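Next up, run_10.txt (compact mmCIF, C-alpha atoms):
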# COMPACT_ATOMS: atom_id res chain seq x y z
CA MET Q 133 -227.30 -128.43 50.64
CA SER Q 134 -229.58 -131.30 51.60
CA LEU Q 135 -231.92 -131.49 54.53
CA LEU Q 136 -231.15 -134.24 57.03
CA LYS Q 137 -233.72 -133.94 59.77
CA LEU Q 138 -235.32 -131.58 62.21
CA PHE Q 139 -234.65 -131.61 65.93
CA THR Q 140 -236.91 -129.90 68.43
CA CYS Q 141 -235.81 -128.71 71.83
CA ALA Q 142 -236.72 -125.44 73.54
CA LEU Q 143 -236.54 -123.88 70.07
CA PRO Q 144 -236.66 -125.61 66.67
CA LEU Q 145 -233.31 -126.46 65.14
CA LEU Q 146 -232.68 -127.28 61.51
CA ILE Q 147 -229.65 -129.45 60.82
CA VAL Q 148 -228.22 -129.46 57.32
CA THR Q 149 -225.18 -130.97 55.77
CA ASN Q 150 -223.10 -129.51 52.93
CA LEU Q 151 -221.10 -131.16 50.18
CA ASN Q 152 -218.15 -131.59 52.52
CA ALA Q 153 -220.32 -133.53 54.95
CA GLN Q 154 -220.11 -130.75 57.53
CA GLN Q 155 -223.15 -130.33 59.72
CA LYS Q 156 -224.57 -126.94 60.65
CA LYS Q 157 -227.39 -126.16 63.03
CA PHE Q 158 -229.88 -123.37 62.31
CA LYS Q 159 -232.56 -121.83 64.47
CA ILE Q 160 -235.76 -121.58 62.45
CA HIS Q 161 -238.98 -119.59 62.80
CA THR Q 162 -242.19 -119.49 60.78
CA ILE Q 163 -243.54 -116.03 59.91
CA ALA Q 164 -247.09 -116.14 58.55
CA PHE Q 165 -250.15 -114.18 57.49
CA TYR Q 166 -253.80 -115.27 57.42
CA ASN Q 167 -257.03 -113.54 56.38
CA LEU Q 168 -259.50 -114.99 58.90
CA GLU Q 169 -262.60 -114.22 56.78
CA ASN Q 170 -265.17 -112.23 58.72
CA PHE Q 171 -264.03 -113.26 62.18
CA PHE Q 172 -266.70 -111.36 64.15
CA ASP Q 173 -268.15 -112.01 67.57
CA THR Q 174 -271.88 -112.34 68.27
CA ILE Q 175 -272.29 -108.95 69.95
CA ASN Q 176 -273.71 -106.06 67.94
CA ASP Q 177 -271.50 -102.96 68.00
CA PRO Q 178 -273.69 -99.88 67.43
CA ASN Q 179 -270.67 -97.87 66.27
CA THR Q 180 -269.89 -100.06 63.25
CA LEU Q 181 -271.67 -101.92 60.47
CA ASP Q 182 -270.89 -105.28 62.05
CA ASP Q 183 -274.57 -106.22 61.79
CA TYR Q 184 -273.82 -106.92 58.11
CA SER Q 185 -271.29 -109.61 59.08
CA PRO Q 186 -272.29 -113.19 58.21
CA ILE Q 187 -272.52 -114.32 61.82
CA MET Q 188 -274.97 -111.54 62.72
CA GLU Q 189 -277.15 -112.62 59.80
CA LEU Q 190 -277.60 -116.07 61.36
CA LYS Q 191 -281.06 -116.47 62.86
CA THR Q 192 -280.03 -119.26 65.22
CA HIS Q 193 -276.94 -120.98 66.68
CA ARG Q 194 -274.72 -117.92 66.47
CA ARG Q 195 -272.76 -118.87 69.57
CA GLU Q 196 -272.13 -122.41 68.33
CA ALA Q 197 -270.98 -121.10 64.95
CA TYR Q 198 -268.66 -118.60 66.63
CA LYS Q 199 -267.06 -121.26 68.81
CA GLN Q 200 -266.51 -123.57 65.85
CA LYS Q 201 -265.16 -120.71 63.70
CA THR Q 202 -262.68 -119.83 66.47
CA LYS Q 203 -261.62 -123.47 66.79
CA ASN Q 204 -261.14 -123.80 63.02
CA MET Q 205 -259.00 -120.66 62.83
CA ALA Q 206 -256.83 -121.80 65.73
CA ARG Q 207 -256.45 -125.26 64.22
CA VAL Q 208 -255.02 -123.89 60.97
CA ILE Q 209 -252.74 -121.36 62.66
CA ALA Q 210 -251.32 -124.06 64.92
CA ASP Q 211 -250.45 -126.16 61.88
CA ILE Q 212 -248.76 -123.52 59.69
CA GLY Q 213 -245.08 -124.44 59.40
CA ARG Q 214 -245.41 -127.34 61.82
CA ASP Q 215 -244.29 -129.95 59.26
CA PHE Q 216 -240.94 -128.20 59.04
CA THR Q 217 -240.42 -126.66 62.48
CA ASN Q 218 -242.63 -128.78 64.75
CA ASN Q 219 -243.92 -125.45 66.00
CA SER Q 220 -246.68 -122.97 65.16
CA PRO Q 221 -245.73 -119.55 63.73
CA THR Q 222 -243.56 -117.33 65.89
CA LEU Q 223 -245.25 -114.32 64.30
CA ILE Q 224 -248.52 -114.31 62.39
CA GLY Q 225 -250.35 -111.29 61.04
CA VAL Q 226 -254.12 -111.60 60.75
CA CYS Q 227 -256.86 -109.51 59.15
CA GLU Q 228 -260.66 -109.43 59.01
CA ILE Q 229 -260.83 -109.62 62.79
CA GLU Q 230 -263.37 -107.48 64.61
CA ASN Q 231 -261.78 -106.67 67.95
CA GLU Q 232 -259.62 -107.77 70.87
CA ARG Q 233 -262.39 -110.08 72.10
CA VAL Q 234 -262.10 -112.42 69.12
CA LEU Q 235 -258.29 -112.35 69.38
CA GLU Q 236 -258.44 -113.28 73.06
CA ASP Q 237 -260.79 -116.17 72.28
CA LEU Q 238 -258.49 -117.26 69.46
CA VAL Q 239 -255.23 -117.37 71.42
CA THR Q 240 -256.85 -119.19 74.36
CA GLU Q 241 -258.28 -121.90 72.10
CA PRO Q 242 -256.73 -125.29 73.05
CA TYR Q 243 -254.85 -125.53 69.73
CA LEU Q 244 -252.96 -122.31 70.50
CA LYS Q 245 -253.08 -121.95 74.29
CA PRO Q 246 -249.87 -123.96 74.92
CA LYS Q 247 -247.87 -121.31 73.00
CA SER Q 248 -249.15 -118.47 75.24
CA TYR Q 249 -249.66 -116.19 72.23
CA LYS Q 250 -249.93 -112.47 72.88
CA PHE Q 251 -251.24 -110.00 70.32
CA ILE Q 252 -250.95 -106.38 69.25
CA HIS Q 253 -254.06 -104.70 67.94
CA PHE Q 254 -255.43 -101.19 67.34
CA ASP Q 255 -258.98 -100.29 66.38
CA SER Q 256 -259.24 -99.05 62.79
CA PRO Q 257 -261.82 -96.60 61.38
CA ASP Q 258 -262.99 -99.25 58.90
CA ALA Q 259 -266.73 -98.88 58.37
CA ARG Q 260 -267.40 -102.55 59.13
CA GLY Q 261 -265.13 -102.47 62.15
CA ILE Q 262 -262.55 -104.96 60.84
CA ASP Q 263 -258.91 -104.63 61.82
CA VAL Q 264 -255.47 -106.17 61.48
CA ALA Q 265 -253.36 -107.60 64.31
CA LEU Q 266 -250.10 -109.40 65.01
CA LEU Q 267 -249.91 -112.54 67.13
CA TYR Q 268 -246.54 -113.49 68.62
CA GLN Q 269 -244.94 -116.06 70.87
CA PRO Q 270 -243.51 -114.02 73.80
CA GLU Q 271 -240.91 -116.69 74.56
CA VAL Q 272 -238.95 -115.71 71.45
CA PHE Q 273 -240.28 -112.34 70.29
CA ILE Q 274 -240.37 -109.21 72.44
CA PRO Q 275 -242.26 -106.23 70.96
CA ILE Q 276 -240.57 -102.93 71.76
CA GLN Q 277 -242.54 -100.41 69.71
CA GLN Q 278 -245.91 -100.54 67.99
CA SER Q 279 -247.91 -97.98 66.06
CA SER Q 280 -251.03 -97.75 63.92
CA HIS Q 281 -250.82 -95.74 60.70
CA VAL Q 282 -253.99 -94.22 59.27
CA LEU Q 283 -254.66 -94.56 55.55
CA LYS Q 284 -256.59 -91.48 54.46
CA ILE Q 285 -258.17 -91.87 51.05
CA TYR Q 286 -261.12 -90.11 49.42
CA ASP Q 287 -263.64 -91.29 46.87
CA GLU Q 288 -262.69 -89.88 43.48
CA THR Q 289 -266.34 -89.28 42.57
CA THR Q 290 -267.90 -87.95 45.77
CA GLY Q 291 -264.81 -86.59 47.52
CA LYS Q 292 -265.93 -88.28 50.74
CA ARG Q 293 -263.42 -90.10 52.89
CA VAL Q 294 -263.24 -93.87 52.50
CA PHE Q 295 -262.80 -95.40 55.93
CA THR Q 296 -260.53 -98.41 55.73
CA ARG Q 297 -257.99 -100.38 57.74
CA ASN Q 298 -254.96 -98.82 59.41
CA GLN Q 299 -251.51 -100.33 58.85
CA LEU Q 300 -249.85 -101.88 61.89
CA LEU Q 301 -246.12 -101.52 62.54
CA VAL Q 302 -244.49 -103.65 65.22
CA SER Q 303 -240.77 -103.45 65.97
CA GLY Q 304 -239.16 -105.86 68.38
CA LYS Q 305 -236.51 -108.43 69.18
CA LEU Q 306 -236.63 -111.90 67.66
CA GLU Q 307 -234.15 -113.76 69.84
CA ASN Q 308 -232.48 -110.42 70.58
CA GLU Q 309 -232.37 -109.33 66.92
CA TRP Q 310 -234.36 -106.33 65.68
CA ILE Q 311 -237.20 -107.21 63.31
CA HIS Q 312 -239.88 -104.84 61.97
CA VAL Q 313 -243.28 -106.15 60.80
CA ILE Q 314 -245.92 -104.21 58.86
CA VAL Q 315 -249.36 -105.86 58.79
CA ASN Q 316 -251.72 -104.80 56.00
CA HIS Q 317 -255.22 -105.21 54.67
CA TRP Q 318 -255.41 -102.90 51.68
CA PRO Q 319 -258.70 -101.58 50.21
CA SER Q 320 -260.78 -104.05 48.23
CA ARG Q 321 -261.55 -104.08 44.53
CA ARG Q 322 -265.17 -103.16 45.13
CA GLY Q 323 -266.42 -101.31 42.08
CA GLY Q 324 -263.81 -102.91 39.84
CA GLU Q 325 -260.04 -103.34 39.83
CA ALA Q 326 -259.24 -100.31 37.67
CA LYS Q 327 -261.68 -97.96 39.38
CA SER Q 328 -260.40 -98.85 42.86
CA ASN Q 329 -256.71 -99.04 41.92
CA TYR Q 330 -255.88 -95.60 43.35
CA LYS Q 331 -256.85 -96.79 46.84
CA ARG Q 332 -254.30 -99.61 46.86
CA VAL Q 333 -251.64 -97.38 45.34
CA ALA Q 334 -252.28 -95.01 48.26
CA ALA Q 335 -251.92 -97.93 50.66
CA ALA Q 336 -248.63 -98.89 49.05
CA LYS Q 337 -247.40 -95.29 49.33
CA LEU Q 338 -248.17 -95.32 53.06
CA ASN Q 339 -246.24 -98.60 53.35
CA LYS Q 340 -243.33 -97.02 51.51
CA ARG Q 341 -243.29 -94.05 53.90
CA ILE Q 342 -243.18 -96.40 56.88
CA ILE Q 343 -240.36 -98.41 55.29
CA ASP Q 344 -238.43 -95.26 54.36
CA SER Q 345 -238.67 -93.95 57.93
CA LEU Q 346 -237.24 -97.21 59.29
CA GLN Q 347 -234.46 -97.27 56.72
CA MET Q 348 -233.60 -93.64 57.38
CA THR Q 349 -232.71 -94.65 60.93
CA ASP Q 350 -231.11 -97.94 59.85
CA PRO Q 351 -230.44 -98.69 56.15
CA TYR Q 352 -229.98 -102.35 57.13
CA ALA Q 353 -233.33 -102.64 58.89
CA LYS Q 354 -234.89 -106.09 58.58
CA ILE Q 355 -238.45 -105.37 57.56
CA ILE Q 356 -241.25 -107.84 56.83
CA ILE Q 357 -244.27 -106.55 54.88
CA MET Q 358 -247.27 -108.87 55.06
CA GLY Q 359 -250.95 -108.76 54.34
CA ASP Q 360 -253.98 -109.18 52.14
CA LEU Q 361 -253.11 -106.53 49.56
CA ASN Q 362 -256.10 -107.11 47.27
CA ASP Q 363 -253.53 -106.87 44.49
CA ASN Q 364 -251.28 -109.44 42.87
CA PRO Q 365 -247.46 -109.31 42.81
CA ASN Q 366 -247.51 -107.85 39.29
CA ASN Q 367 -249.97 -105.03 40.02
CA HIS Q 368 -248.91 -101.39 40.10
CA SER Q 369 -249.14 -100.99 43.88
CA VAL Q 370 -246.67 -103.81 44.54
CA LYS Q 371 -244.44 -103.77 41.49
CA LYS Q 372 -244.22 -100.01 40.81
CA THR Q 373 -245.05 -98.20 44.06
CA LEU Q 374 -243.27 -100.55 46.46
CA LYS Q 375 -240.82 -101.54 43.71
CA ALA Q 376 -240.82 -105.12 45.01
CA LYS Q 377 -238.48 -107.30 42.95
CA THR Q 378 -239.16 -110.83 41.77
CA ASP Q 379 -235.44 -111.60 41.39
CA ARG Q 380 -233.51 -111.46 44.64
CA ASN Q 381 -230.32 -110.64 42.74
CA GLN Q 382 -231.88 -107.34 41.59
CA VAL Q 383 -232.70 -106.10 45.10
CA GLY Q 384 -230.67 -103.05 46.14
CA LEU Q 385 -229.68 -102.02 49.66
CA LYS Q 386 -233.04 -100.46 50.55
CA GLY Q 387 -235.01 -102.63 48.16
CA ILE Q 388 -237.76 -105.19 48.67
CA TYR Q 389 -237.90 -108.83 47.61
CA ASN Q 390 -241.22 -110.56 46.93
CA PRO Q 391 -240.85 -114.37 47.07
CA PHE Q 392 -244.54 -114.79 46.19
CA ALA Q 393 -244.15 -113.35 42.70
CA LYS Q 394 -242.71 -116.71 41.64
CA PHE Q 395 -245.78 -118.57 42.93
CA TYR Q 396 -248.10 -116.22 41.06
CA LYS Q 397 -246.14 -116.61 37.83
CA GLU Q 398 -246.47 -120.38 38.21
CA GLY Q 399 -250.25 -120.12 38.53
CA PHE Q 400 -250.67 -120.46 42.29
CA GLY Q 401 -252.99 -118.26 44.33
CA THR Q 402 -254.48 -117.72 47.76
CA THR Q 403 -258.06 -116.86 46.80
CA ALA Q 404 -260.27 -117.67 43.83
CA TYR Q 405 -263.16 -115.94 42.07
CA ARG Q 406 -264.98 -117.11 38.95
CA ASP Q 407 -262.39 -119.81 38.33
CA ALA Q 408 -259.51 -117.32 38.38
CA TRP Q 409 -256.83 -117.39 41.05
CA SER Q 410 -255.42 -114.30 42.74
CA LEU Q 411 -252.41 -114.12 45.03
CA PHE Q 412 -253.51 -111.21 47.19
CA ASP Q 413 -251.86 -112.56 50.35
CA GLN Q 414 -248.13 -111.91 50.30
CA ILE Q 415 -245.08 -111.54 52.54
CA MET Q 416 -242.20 -109.37 51.33
CA ILE Q 417 -238.83 -108.64 52.91
CA THR Q 418 -236.06 -106.08 52.69
CA LYS Q 419 -232.55 -106.70 51.38
CA PRO Q 420 -230.80 -107.54 54.70
CA LEU Q 421 -232.98 -110.65 55.05
CA ILE Q 422 -231.59 -112.09 51.79
CA ASP Q 423 -228.02 -110.80 52.11
CA LYS Q 424 -225.56 -113.71 52.21
CA ASN Q 425 -223.19 -111.60 54.30
CA ASN Q 426 -225.80 -111.29 57.04
CA ASN Q 427 -224.91 -113.16 60.23
CA GLY Q 428 -228.38 -112.92 61.73
CA PHE Q 429 -231.77 -114.22 60.68
CA MET Q 430 -232.17 -114.77 56.95
CA PHE Q 431 -234.96 -115.75 54.58
CA TYR Q 432 -234.95 -119.49 53.83
CA LYS Q 433 -238.06 -120.18 51.76
CA ALA Q 434 -241.73 -119.26 51.42
CA GLY Q 435 -244.96 -121.15 50.87
CA ILE Q 436 -248.73 -121.16 50.58
CA TYR Q 437 -250.59 -123.25 53.15
CA ASN Q 438 -253.03 -125.18 50.95
CA LYS Q 439 -253.39 -128.57 52.58
CA ASN Q 440 -256.40 -130.68 51.61
CA GLU Q 441 -258.33 -129.85 54.78
CA VAL Q 442 -258.61 -126.16 53.83
CA ILE Q 443 -259.64 -126.89 50.23
CA GLN Q 444 -263.22 -127.35 49.01
CA GLN Q 445 -263.39 -130.98 47.85
CA THR Q 446 -266.75 -131.10 46.07
CA GLY Q 447 -269.26 -129.00 44.15
CA SER Q 448 -268.90 -126.06 41.81
CA TYR Q 449 -266.22 -124.51 44.02
CA LYS Q 450 -264.08 -127.62 44.15
CA GLY Q 451 -260.42 -126.65 44.56
CA TYR Q 452 -261.22 -123.25 46.08
CA PRO Q 453 -260.35 -122.37 49.69
CA LEU Q 454 -262.94 -123.95 52.00
CA ARG Q 455 -264.55 -120.81 53.34
CA SER Q 456 -266.48 -120.33 56.58
CA TRP Q 457 -269.51 -118.58 55.19
CA GLY Q 458 -271.81 -119.44 52.29
CA TYR Q 459 -275.32 -118.74 51.10
CA SER Q 460 -276.69 -121.12 53.70
CA GLY Q 461 -274.74 -119.59 56.58
CA PHE Q 462 -271.83 -121.14 58.46
CA THR Q 463 -270.21 -123.97 56.51
CA ASN Q 464 -267.83 -125.20 59.23
CA GLY Q 465 -265.04 -124.22 56.87
CA PHE Q 466 -262.01 -122.02 57.40
CA SER Q 467 -261.42 -118.98 55.18
CA ASP Q 468 -261.81 -117.84 51.60
CA HIS Q 469 -258.05 -117.22 51.63
CA PHE Q 470 -255.15 -119.60 52.09
CA PRO Q 471 -252.52 -118.52 54.63
CA VAL Q 472 -249.00 -117.68 53.47
CA TYR Q 473 -245.73 -118.09 55.31
CA LEU Q 474 -241.96 -117.96 55.14
CA TYR Q 475 -239.12 -119.33 57.23
CA LEU Q 476 -236.34 -117.32 58.83
CA ILE Q 477 -233.19 -119.16 59.82
CA LYS Q 478 -230.02 -118.27 61.70
CA GLU Q 479 -226.98 -120.39 62.37
CA ALA Q 480 -227.07 -121.62 65.96
CA ASP Q 481 -224.22 -120.82 68.30
Encoding of this model in structure tokens:
Amino acid sequence: MSLLKLFTCALPLLIVTNLNAQQKKFKIHTIAFYNLENFFDTINDPNTLDDYSPIMELKTHRREAYKQKTKNMARVIADIGRDFTNNSPTLIGVCEIENERVLEDLVTEPYLKPKSYKFIHFDSPDARGIDVALLYQPEVFIPIQQSSHVLKIYDETTGKRVFTRNQLLVSGKLENEWIHVIVNHWPSRRGGEAKSNYKRVAAAKLNKRIIDSLQMTDPYAKIIIMGDLNDNPNNHSVKKTLKAKTDRNQVGLKGIYNPFAKFYKEGFGTTAYRDAWSLFDQIMITKPLIDKNNNGFMFYKAGIYNKNEVIQQTGSYKGYPLRSWGYSGFTNGFSDHFPVYLYLIKEAD
């Protein structure tokens, strides 16, 4: 099929033509994820270690930096998928956010305010006070159920609990069709990849339990797994524990497809360290979203948002994501991660 053009009315419509010159109209939605890189407010929370956040380390102009950081985050979110849908994401998971206050400031920023975004957020026990959340456009997505799932892991050396982010599950109706979204921010590689591997395997096991519970109720549940996993598509947590497949033809009924494995194999990433790219930010989907016999919303294609404006253009980190925070403080950048996204389409009535 070849793309003709995109029409925008109340909802985006994609019009394609097939080899027989027959036109079909498809509704289209962008689903995205973005690590917002230390998106903290300027207020010290005595119950967390937020005083170690970059913005709290600024000696002056904290408020100005916060306002610009909020504006920059909103600007990128508003642009994800816009080239194709003429709309910002219908659903976008975010991580490294401190609280509801920063989310409220984000969705009321002029770049995003016209979409009237709402959000779903629970406080996590993370030591630094960072959480995950889901933003959604209430015009087209109605959340029905939401829950926060605690990841309990313990340090293998000390036996003490490691306080990390909860996993967020939101189930709702996307244009009257059930969709389930799991938003993640798995434990970091602090201390080394191998030494910390068990933490991310535990996170993947929790994900698998959530997925299994949904599929027990409905084997054809349409589930979207998104997040900063701190692991690549070929790491044990994703490939072995979740059993995410790189070939959509190998995905069984209750299986998971990872469209970002292809990007990683081709050398693309979402974050860089010491001149090596990692693709920690991923969005995976269950079988019904790639089933050709499905009459509802289906996966169309995926991508990494790496436009020039979010890329460092000069210096020793040229080509890296243009991050917000550096050795000198606020850089007026965006994030040390690129956002990721995919499109869901459904034939219009």
May I have the residues within 6 Å of stretch 260-266 of chain Q as a list of chain:residue names, using only C-alpha atoms and disregarding those fewer than 5 positions away in the same chain?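 So the residues in contact are Q:Thr180, Q:Leu181, Q:Asp182, Q:Ile224, Q:Gly225, Q:Val226, Q:Cys227, Q:Glu228, Q:Ile229, Q:Glu230, Q:Phe251, Q:Ile252, Q:His253, Q:Arg297.
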Just the residues within 6 Å of stretch 406-415 of chain Q, please, counting all atoms listed in the file, with nothing from its chain fewer than 3 positions along; format it as a ChimeraX atom specification. /Q:357-364,401-403
Let's have the selection written as a PDB file, in the frame of the given file, with C-alpha atoms.
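File produced: again-v6.pdb:
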ATOM      1  CA  ILE Q 357    -244.270-106.550  54.880  1.00  0.00           C
ATOM      2  CA  MET Q 358    -247.270-108.870  55.060  1.00  0.00           C
ATOM      3  CA  GLY Q 359    -250.950-108.760  54.340  1.00  0.00           C
ATOM      4  CA  ASP Q 360    -253.980-109.180  52.140  1.00  0.00           C
ATOM      5  CA  LEU Q 361    -253.110-106.530  49.560  1.00  0.00           C
ATOM      6  CA  ASN Q 362    -256.100-107.110  47.270  1.00  0.00           C
ATOM      7  CA  ASP Q 363    -253.530-106.870  44.490  1.00  0.00           C
ATOM      8  CA  ASN Q 364    -251.280-109.440  42.870  1.00  0.00           C
ATOM      9  CA  GLY Q 401    -252.990-118.260  44.330  1.00  0.00           C
ATOM     10  CA  THR Q 402    -254.480-117.720  47.760  1.00  0.00           C
ATOM     11  CA  THR Q 403    -258.060-116.860  46.800  1.00  0.00           C
TER      12      THR Q 403
END
Have a look at Q:Ala259, Q:Val315, Q:Ala434, Q:Ile274 and name the one nearest to Q:Tyr184; count only C-alpha atoms. Q:Ala259
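If only C-alpha atoms are the atoms counted, then among Q:Ala197, Q:Ile163, Q:Met188, Q:Ile276 the closest residue to Q:Lys433 is Q:Ile163.
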Between atom CA of Q:Val333 and atom CA of Q:Ser320 - distance in Å to one decimal: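 We find that atom CA of Q:Ser320 and atom CA of Q:Val333 lie 11.7 Å from each other.
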Rounded to one decimal place, report the atom CA of Q:Pro365-atom CA of Q:Ala393 distance in Å.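 Result for atom CA of Q:Pro365 versus atom CA of Q:Ala393: 5.2 Å, one decimal.
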Set the distance at 10 Å and use all atoms listed in the file: which residues neighbour Q:Asn329 once local chain neighbours fewer than 3 positions away are removed? I'd like the list as a VMD selection string. chain Q and resid 319 to 326 332 to 334 362 to 363 367 to 369
Just want the 10 Å neighbourhood of Q:Glu441, counted on all atoms listed in the file, with same-chain residues fewer than 2 positions away dropped. Output as a ChimeraX atom specification. /Q:208,438-439,443-445,453-454,465-466
Which one of Q:Val302, Q:Leu267, Q:Leu283, Q:Ile212 sits closest to Q:Val472 if you count only C-alpha atoms?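 Answer, going by the shortest atom-to-atom distance: Q:Ile212.
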Any idea what the distance is between atom CA of Q:Asp468 and atom CA of Q:Pro186?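 Taking atom CA of Q:Asp468 and atom CA of Q:Pro186, their separation equals 13.2 Å.
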Given all atoms listed in the file as the counted atoms, nearest of Q:Ile285, Q:Arg207, Q:Pro270, Q:Asp173 to Q:Glu232: Q:Asp173
Given only C-alpha atoms as the basis, pick out the residue of Q:Ile388, Q:Ala206, Q:Ile417, Q:Val272 nearest to Q:Ile160.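 Closest residue, counting only C-alpha atoms: Q:Val272.
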